[in-house]
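Engineer: Input file: upload04.txt. Contents: compact mmCIF, C-alpha atoms.
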```txt
# COMPACT_ATOMS: atom_id res chain seq x y z
CA MET A 1 207.54 56.14 82.31
CA ASP A 2 203.73 55.85 82.47
CA ILE A 3 202.52 53.02 84.58
CA ASP A 4 198.88 52.08 84.35
CA LYS A 5 197.80 52.19 88.00
CA ASN A 6 194.51 50.59 86.95
CA MET A 7 196.21 47.43 85.77
CA LYS A 8 194.69 44.31 87.26
CA ILE A 9 196.93 42.73 89.84
CA LEU A 10 196.38 39.15 91.01
CA LEU A 11 197.70 38.80 94.58
CA ILE A 12 198.28 35.25 95.83
CA ASP A 13 199.11 34.29 99.42
CA ASP A 14 197.64 31.61 101.68
CA PHE A 15 197.73 33.97 104.70
CA ALA A 16 194.73 36.31 104.56
CA THR A 17 196.47 38.80 106.84
CA MET A 18 199.45 39.00 104.51
CA ARG A 19 197.14 39.58 101.56
CA LYS A 20 195.59 42.47 103.51
CA VAL A 21 199.02 43.92 104.31
CA ILE A 22 200.24 43.73 100.71
CA LYS A 23 196.93 45.05 99.40
CA ASN A 24 197.29 48.05 101.73
CA LEU A 25 200.85 48.64 100.50
CA LEU A 26 199.65 48.47 96.88
CA LYS A 27 196.85 50.94 97.60
CA GLN A 28 199.37 53.29 99.23
CA THR A 29 201.17 53.46 95.91
CA GLY A 30 197.98 53.91 93.87
CA TYR A 31 197.12 50.37 92.73
CA ASN A 32 193.46 49.65 93.51
CA ASN A 33 192.44 47.00 90.97
CA ILE A 34 193.46 43.92 92.96
CA SER A 35 192.10 40.37 92.86
CA GLU A 36 193.13 37.74 95.38
CA ALA A 37 193.74 34.00 95.51
CA GLU A 38 194.67 31.69 98.39
CA ASP A 39 197.01 29.40 96.50
CA GLY A 40 198.48 28.65 93.09
CA LEU A 41 195.60 26.41 91.98
CA GLU A 42 193.00 29.08 92.63
CA ALA A 43 195.26 31.64 90.93
CA LEU A 44 195.61 29.47 87.84
CA LYS A 45 191.83 29.16 87.56
CA THR A 46 191.54 32.94 87.78
CA LEU A 47 194.27 33.46 85.19
CA LYS A 48 192.51 31.16 82.74
CA SER A 49 189.16 32.88 83.14
CA GLU A 50 189.93 36.57 83.73
CA LYS A 51 192.24 39.16 82.22
CA VAL A 52 195.10 39.82 84.65
CA ASP A 53 197.96 42.24 83.98
CA PHE A 54 200.37 41.50 86.81
CA ILE A 55 200.94 38.61 89.23
CA ILE A 56 202.26 38.97 92.79
CA SER A 57 202.70 35.60 94.50
CA ASP A 58 203.96 34.07 97.71
CA TRP A 59 206.15 30.94 97.44
CA ASN A 60 205.06 28.56 100.21
CA MET A 61 201.38 27.75 99.74
CA PRO A 62 199.32 24.56 99.94
CA ASN A 63 197.86 22.84 96.84
CA MET A 64 200.19 24.67 94.43
CA THR A 65 203.21 26.70 95.51
CA GLY A 66 204.19 30.02 93.97
CA PHE A 67 207.11 28.30 92.25
CA GLU A 68 204.80 25.68 90.73
CA LEU A 69 202.43 28.45 89.67
CA LEU A 70 205.29 30.33 88.01
CA LYS A 71 206.23 27.27 85.98
CA ALA A 72 202.59 26.67 85.05
CA VAL A 73 202.14 30.28 83.93
CA ARG A 74 205.31 30.24 81.81
CA ALA A 75 204.14 26.99 80.17
CA GLU A 76 200.69 28.33 79.20
CA SER A 77 200.83 30.20 75.88
CA ALA A 78 197.96 32.58 76.64
CA ILE A 79 199.53 33.91 79.86
CA LYS A 80 203.23 33.06 79.67
CA GLY A 81 204.31 36.66 79.16
CA LEU A 82 202.62 38.00 82.29
CA PRO A 83 204.88 39.87 84.73
CA PHE A 84 205.38 37.71 87.83
CA LEU A 85 206.73 39.14 91.08
CA MET A 86 207.57 36.54 93.75
CA VAL A 87 206.98 37.98 97.23
CA THR A 88 208.14 35.57 99.86
CA ALA A 89 209.80 34.89 103.17
CA GLU A 90 212.11 32.43 101.37
CA GLY A 91 215.30 34.35 100.65
CA LEU A 92 217.70 31.43 100.30
CA GLN A 93 219.98 31.77 97.28
CA GLU A 94 218.94 28.43 95.79
CA ASN A 95 215.30 29.58 95.75
CA VAL A 96 216.13 32.87 94.08
CA VAL A 97 218.22 31.08 91.44
CA ALA A 98 215.48 28.52 90.82
CA ALA A 99 212.87 31.26 90.42
CA VAL A 100 215.05 33.21 87.99
CA LYS A 101 215.67 30.07 85.93
CA ALA A 102 211.91 29.42 85.88
CA GLY A 103 211.30 32.90 84.49
CA VAL A 104 210.32 35.06 87.47
CA SER A 105 210.27 38.78 86.61
CA ASN A 106 211.58 39.81 90.01
CA TYR A 107 211.76 38.69 93.63
CA ILE A 108 211.16 40.46 96.99
CA VAL A 109 211.94 38.93 100.35
CA LYS A 110 209.51 39.79 103.15
CA PRO A 111 209.37 42.11 105.00
CA PHE A 112 209.30 45.10 102.67
CA THR A 113 207.88 48.60 102.49
CA ALA A 114 205.43 50.17 100.02
CA GLU A 115 208.39 51.96 98.42
CA VAL A 116 210.30 48.76 97.76
CA LEU A 117 207.19 47.05 96.38
CA ASN A 118 206.47 49.97 94.05
CA GLU A 119 210.08 50.10 92.90
CA LYS A 120 210.05 46.41 91.99
CA ILE A 121 206.76 46.78 90.08
CA GLU A 122 208.08 49.77 88.16
CA LYS A 123 211.33 47.96 87.28
CA ILE A 124 209.37 45.01 85.90
CA ILE A 125 207.07 47.22 83.83
CA ALA A 126 210.00 49.24 82.50
CA LYS A 127 211.61 46.08 81.11
CA MET A 128 208.48 45.01 79.24
CA MET B 1 223.96 27.60 121.48
CA ASP B 2 226.23 29.20 118.91
CA ASP B 3 225.99 33.00 119.24
CA ARG B 4 225.59 33.28 115.47
CA PHE B 5 222.18 31.62 115.73
CA ILE B 6 221.06 33.84 118.59
CA ASP B 7 222.24 36.94 116.72
CA ALA B 8 220.52 35.90 113.48
CA PHE B 9 217.17 35.27 115.17
CA SER B 10 217.45 38.42 117.26
CA GLU B 11 218.34 40.66 114.30
CA GLY B 12 215.73 39.02 112.12
CA THR B 13 213.05 39.67 114.74
CA LEU B 14 214.02 43.32 115.15
CA ASN B 15 214.10 43.94 111.40
CA VAL B 16 210.78 42.24 110.70
CA ILE B 17 208.81 43.88 113.52
CA LYS B 18 210.25 47.29 112.65
CA THR B 19 209.52 46.97 108.92
CA MET B 20 206.08 45.42 109.22
CA ALA B 21 204.71 47.18 112.30
CA ASN B 22 206.98 50.20 112.75
CA ILE B 23 207.80 49.05 116.29
CA SER B 24 211.32 48.76 117.73
CA PRO B 25 211.21 46.16 120.51
CA MET B 26 214.05 46.01 123.05
CA PRO B 27 215.88 42.67 123.14
CA GLY B 28 216.80 41.29 126.56
CA LYS B 29 219.43 38.81 127.70
CA PRO B 30 218.91 35.27 126.39
CA TYR B 31 218.30 32.56 128.97
CA LEU B 32 217.67 28.83 129.21
CA LYS B 33 214.11 27.49 129.50
CA LYS B 34 213.83 23.95 130.75
CA ASP B 35 210.11 23.19 130.44
CA GLY B 36 207.55 23.23 127.63
CA SER B 37 205.53 26.20 128.83
CA ALA B 38 204.97 29.07 126.43
CA ASN B 39 205.89 32.60 127.46
CA GLY B 40 202.80 34.18 125.98
CA ASP B 41 199.16 33.92 124.96
CA VAL B 42 199.64 32.94 121.31
CA SER B 43 202.59 31.23 119.64
CA GLY B 44 203.79 30.42 116.14
CA VAL B 45 206.00 27.32 115.86
CA ILE B 46 208.16 26.40 112.88
CA GLY B 47 210.40 23.39 112.31
CA PHE B 48 213.84 23.35 110.70
CA THR B 49 215.88 20.84 108.74
CA GLY B 50 219.15 21.00 106.85
CA ALA B 51 222.19 22.36 108.64
CA VAL B 52 220.20 22.31 111.89
CA THR B 53 217.26 20.30 113.14
CA GLY B 54 214.77 21.59 115.66
CA SER B 55 212.25 24.36 115.89
CA MET B 56 211.60 27.96 116.80
CA ALA B 57 208.56 29.44 118.50
CA LEU B 58 207.49 33.06 118.70
CA SER B 59 205.31 33.59 121.76
CA PHE B 60 203.43 36.87 122.13
CA SER B 61 201.56 38.37 125.02
CA GLU B 62 198.03 39.32 123.97
CA LYS B 63 198.72 43.06 124.12
CA SER B 64 201.95 42.87 122.15
CA ILE B 65 200.50 40.92 119.24
CA LEU B 66 197.34 43.06 119.13
CA LYS B 67 199.53 46.14 118.80
CA ILE B 68 201.80 44.59 116.16
CA VAL B 69 198.96 43.35 113.97
CA SER B 70 196.93 46.53 114.43
CA ASN B 71 199.92 48.47 113.13
CA MET B 72 200.42 46.04 110.25
CA LEU B 73 196.83 46.31 109.10
CA GLY B 74 196.29 49.98 109.92
CA GLU B 75 193.19 49.15 111.95
CA GLU B 76 192.65 48.48 115.63
CA ILE B 77 192.21 44.81 116.53
CA GLN B 78 190.92 44.30 120.05
CA GLU B 79 191.03 40.57 120.61
CA ILE B 80 192.90 37.48 119.46
CA ASN B 81 190.91 36.37 116.41
CA GLY B 82 191.54 34.63 113.11
CA ASP B 83 193.46 37.62 111.71
CA ILE B 84 195.76 37.60 114.71
CA LYS B 85 196.46 33.87 114.53
CA ASP B 86 197.03 34.18 110.79
CA ALA B 87 199.49 37.00 111.40
CA VAL B 88 201.37 35.08 114.10
CA GLY B 89 201.96 32.25 111.64
CA GLU B 90 203.16 34.60 108.94
CA ILE B 91 205.36 36.67 111.25
CA THR B 92 206.95 33.43 112.47
CA ASN B 93 207.50 32.42 108.85
CA ILE B 94 209.06 35.77 107.90
CA ILE B 95 211.36 35.97 110.94
CA SER B 96 212.46 32.40 110.25
CA GLY B 97 213.23 33.42 106.66
CA ALA B 98 215.19 36.48 107.72
CA ALA B 99 217.27 34.53 110.24
CA ARG B 100 217.92 31.69 107.79
CA LYS B 101 219.01 34.14 105.11
CA GLU B 102 221.54 35.61 107.55
CA LEU B 103 222.74 32.14 108.55
CA GLU B 104 223.05 31.11 104.89
CA LEU B 105 225.68 33.83 104.51
CA LYS B 106 227.59 32.10 107.30
CA GLY B 107 227.41 28.74 105.58
CA PHE B 108 224.31 27.25 107.23
CA ASN B 109 221.70 26.09 104.71
CA ILE B 110 218.48 25.69 106.74
CA LEU B 111 215.04 24.80 105.42
CA ALA B 112 211.81 25.54 107.25
CA ALA B 113 208.41 23.87 107.37
CA ILE B 114 205.04 25.64 107.33
CA PRO B 115 204.38 27.18 110.75
CA THR B 116 201.60 26.19 113.12
CA VAL B 117 199.86 28.44 115.63
CA VAL B 118 198.78 27.56 119.16
CA SER B 119 196.97 29.86 121.57
CA GLY B 120 195.34 30.17 124.95
CA LYS B 121 196.66 31.07 128.37
CA ASP B 122 198.96 28.34 129.72
CA HIS B 123 199.40 26.73 126.30
CA SER B 124 202.61 24.78 125.83
CA ILE B 125 205.28 24.57 123.14
CA ALA B 126 206.34 21.10 121.99
CA HIS B 127 209.71 21.56 120.32
CA VAL B 128 210.72 18.94 117.77
CA LEU B 129 213.82 17.97 119.73
CA GLY B 130 212.25 18.21 123.17
CA GLY B 131 214.52 19.34 125.95
CA PRO B 132 215.55 22.83 127.03
CA SER B 133 215.44 25.84 124.72
CA ILE B 134 216.98 29.29 124.53
CA ILE B 135 214.67 32.25 125.10
CA ILE B 136 215.43 35.65 123.57
CA PRO B 137 213.05 38.04 125.38
CA PHE B 138 211.76 41.24 123.76
CA GLU B 139 209.97 44.11 125.41
CA MET B 140 207.78 46.70 123.72
CA GLU B 141 205.50 49.37 125.12
CA ALA B 142 202.41 47.21 124.69
CA GLY B 143 203.96 44.14 126.31
CA PRO B 144 206.52 41.37 125.96
CA PHE B 145 207.13 38.58 123.48
CA VAL B 146 209.87 35.98 123.12
CA VAL B 147 211.74 33.98 120.52
CA ASP B 148 212.08 30.42 121.81
CA ILE B 149 214.69 28.33 119.98
CA CYS B 150 215.49 24.63 120.34
CA ILE B 151 217.92 23.50 117.62
CA SER B 152 220.88 21.20 117.11
CA ARG B 153 223.56 21.58 114.45
CA VAL B 154 223.83 18.84 111.83
CA GLU B 155 226.58 20.03 109.53
CA GLN B 156 228.42 23.16 108.55
CA LYS B 157 229.51 24.06 105.04
CA GLU B 158 233.07 25.41 105.05
CA LYS B 159 233.14 29.03 103.85
```
Let me see whether you can do it: turn the structure in this file into structure tokens.
Structural biologist:
Amino acid sequence: MDIDKNMKILLIDDFATMRKVIKNLLKQTGYNNISEAEDGLEALKTLKSEKVDFIISDWNMPNMTGFELLKAVRAESAIKGLPFLMVTAEGLQENVVAAVKAGVSNYIVKPFTAEVLNEKIEKIIAKM
Amino acid sequence: MDDRFIDAFSEGTLNVIKTMANISPMPGKPYLKKDGSANGDVSGVIGFTGAVTGSMALSFSEKSILKIVSNMLGEEIQEINGDIKDAVGEITNIISGAARKELELKGFNILAAIPTVVSGKDHSIAHVLGGPSIIIPFEMEAGPFVVDICISRVEQKEK
């Protein structure tokens, strides 16, 4: 399976340190084309104005949560098919079920390694 | 405090610090803390609702958190700055999530708020419930940190 390592990833997390950590993990596995947003609202603005190929989002964020962003993305015809990986400290079953019902592509609970992150990305791409 | 809670927070802490910073801290014997002082230089505090009410704090010595975050970011951080405080909040959030996931398997459905961070020598921790708390101490080469838990059970789902 050929994965385009130059695909544009939009990384959304309200903690700047966590964005740095995940960005480093992505770079370890060869993904270097990464944009960032601090919350779902900022991410939605970016998605409406720039071409993005893959979304990686935290759940708990101010202004617009990752869950609200997921629903907004899936409701917007131009971007509804975008792969969406929820990356979050919230591992409760009800949250996972809600995200799946809302159309999340996959879900990782923090903490995770570069290998796990890469595996999840590859699984999502393989299903497309 | 129910041993299941202590175990969940202890295991969650070990797993998170190992995965994120490649450090294996040594847990010590839990003990009771009766005042509001913080056992560290910077603390993350997070509140809980659901099957328990209360809060948890993670209090780090300066050297321990500098080492943890330096490892996480792959760069050396030499003082407590915005990155460090950011990281303390997120680490608190992630350890809370890990412990709550473990407790969910035992029938305790616990929700958490967004963490806050306090810092400075001699800062204090104001737990939601007030009163004494349980300290789980951890030791690593760079220095100590503690998990400080003050919670009360509300209900338990039969499993």
Engineer: Which of these residues is nearest to Lys127 in chain A, using all atoms listed in the file: A:Ile12, A:Val73, A:Phe112, A:Asn106?
Structural biologist: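 Closest to Lys127 in chain A of all the choices is A:Asn106.
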Engineer: Which value, in Å to one decimal, gives the distance between CA of Arg100 in chain B and CA of Ile22 in chain A?
Structural biologist: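 Computed distance, CA of Arg100 in chain B to CA of Ile22 in chain A, equals 22.5 Å.
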Engineer: At a cut-off of 9 Å, using only C-alpha atoms, what residues contact Ile110 in chain B? Leave out same-chain residues fewer than 5 positions from it and give the result as a PyMOL selection string.
Structural biologist: (chain A and resi 92) or (chain B and resi 48-53+100-101+103-104)
Engineer: Write out as a short mmCIF file (atom, residue, chain, number, x, y, z; two decimals) with C-alpha atoms, in the frame of the given file every residue belonging to chain B that has an atom at most 12 Å from any atom of chain A, counting only C-alpha atoms.
Structural biologist:
```
data_model
loop_
_atom_site.label_atom_id
_atom_site.label_comp_id
_atom_site.auth_asym_id
_atom_site.auth_seq_id
_atom_site.Cartn_x
_atom_site.Cartn_y
_atom_site.Cartn_z
CA GLY B 12 215.73 39.02 112.12
CA THR B 13 213.05 39.67 114.74
CA LEU B 14 214.02 43.32 115.15
CA ASN B 15 214.10 43.94 111.40
CA VAL B 16 210.78 42.24 110.70
CA ILE B 17 208.81 43.88 113.52
CA LYS B 18 210.25 47.29 112.65
CA THR B 19 209.52 46.97 108.92
CA MET B 20 206.08 45.42 109.22
CA ALA B 21 204.71 47.18 112.30
CA ASN B 22 206.98 50.20 112.75
CA VAL B 69 198.96 43.35 113.97
CA SER B 70 196.93 46.53 114.43
CA ASN B 71 199.92 48.47 113.13
CA MET B 72 200.42 46.04 110.25
CA LEU B 73 196.83 46.31 109.10
CA GLY B 74 196.29 49.98 109.92
CA GLU B 75 193.19 49.15 111.95
CA ASN B 81 190.91 36.37 116.41
CA GLY B 82 191.54 34.63 113.11
CA ASP B 83 193.46 37.62 111.71
CA ILE B 84 195.76 37.60 114.71
CA LYS B 85 196.46 33.87 114.53
CA ASP B 86 197.03 34.18 110.79
CA ALA B 87 199.49 37.00 111.40
CA VAL B 88 201.37 35.08 114.10
CA GLY B 89 201.96 32.25 111.64
CA GLU B 90 203.16 34.60 108.94
CA ILE B 91 205.36 36.67 111.25
CA THR B 92 206.95 33.43 112.47
CA ASN B 93 207.50 32.42 108.85
CA ILE B 94 209.06 35.77 107.90
CA ILE B 95 211.36 35.97 110.94
CA SER B 96 212.46 32.40 110.25
CA GLY B 97 213.23 33.42 106.66
CA ALA B 98 215.19 36.48 107.72
CA ALA B 99 217.27 34.53 110.24
CA ARG B 100 217.92 31.69 107.79
CA LYS B 101 219.01 34.14 105.11
CA GLU B 102 221.54 35.61 107.55
CA LEU B 103 222.74 32.14 108.55
CA GLU B 104 223.05 31.11 104.89
CA LEU B 105 225.68 33.83 104.51
CA GLY B 107 227.41 28.74 105.58
CA PHE B 108 224.31 27.25 107.23
CA ASN B 109 221.70 26.09 104.71
CA ILE B 110 218.48 25.69 106.74
CA LEU B 111 215.04 24.80 105.42
CA ALA B 112 211.81 25.54 107.25
CA ALA B 113 208.41 23.87 107.37
CA ILE B 114 205.04 25.64 107.33
CA PRO B 115 204.38 27.18 110.75
#
```
Engineer: In Å, how far is it from CA of Ser59 in chain B to CA of Ser24 in chain B?
Structural biologist: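 Between CA of Ser59 in chain B and CA of Ser24 in chain B the gap works out to 16.8 Å.
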Engineer: Could you work out how far CA of Pro83 in chain A lies from CA of Leu117 in chain A, giving the answer in Å with one decimal?
Structural biologist: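 Result for CA of Leu117 in chain A versus CA of Pro83 in chain A: 13.9 Å, one decimal.
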Engineer: Show me the residues close to (210.7, 44.2, 79.6) - anything with an atom within 10 Å, counting only C-alpha atoms - and format the list as a PDB file with C-alpha atoms, keeping the file's coordinate frame.
Structural biologist:
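Once everything was written out, this is part_8.pdb:
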```
ATOM      1  CA  GLY A  81     204.310  36.660  79.160  1.00  0.00           C
ATOM      2  CA  PRO A  83     204.880  39.870  84.730  1.00  0.00           C
ATOM      3  CA  SER A 105     210.270  38.780  86.610  1.00  0.00           C
ATOM      4  CA  LYS A 123     211.330  47.960  87.280  1.00  0.00           C
ATOM      5  CA  ILE A 124     209.370  45.010  85.900  1.00  0.00           C
ATOM      6  CA  ILE A 125     207.070  47.220  83.830  1.00  0.00           C
ATOM      7  CA  ALA A 126     210.000  49.240  82.500  1.00  0.00           C
ATOM      8  CA  LYS A 127     211.610  46.080  81.110  1.00  0.00           C
ATOM      9  CA  MET A 128     208.480  45.010  79.240  1.00  0.00           C
TER      10      MET A 128
END
```
Engineer: For Val42 in chain B, please output as a list in words all residues within 6 Å (counting only C-alpha atoms; exclusion window: fewer than 4 positions along the same chain).
Structural biologist: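 That gives Ser59, Phe60, Val118 and Ser119 of chain B.
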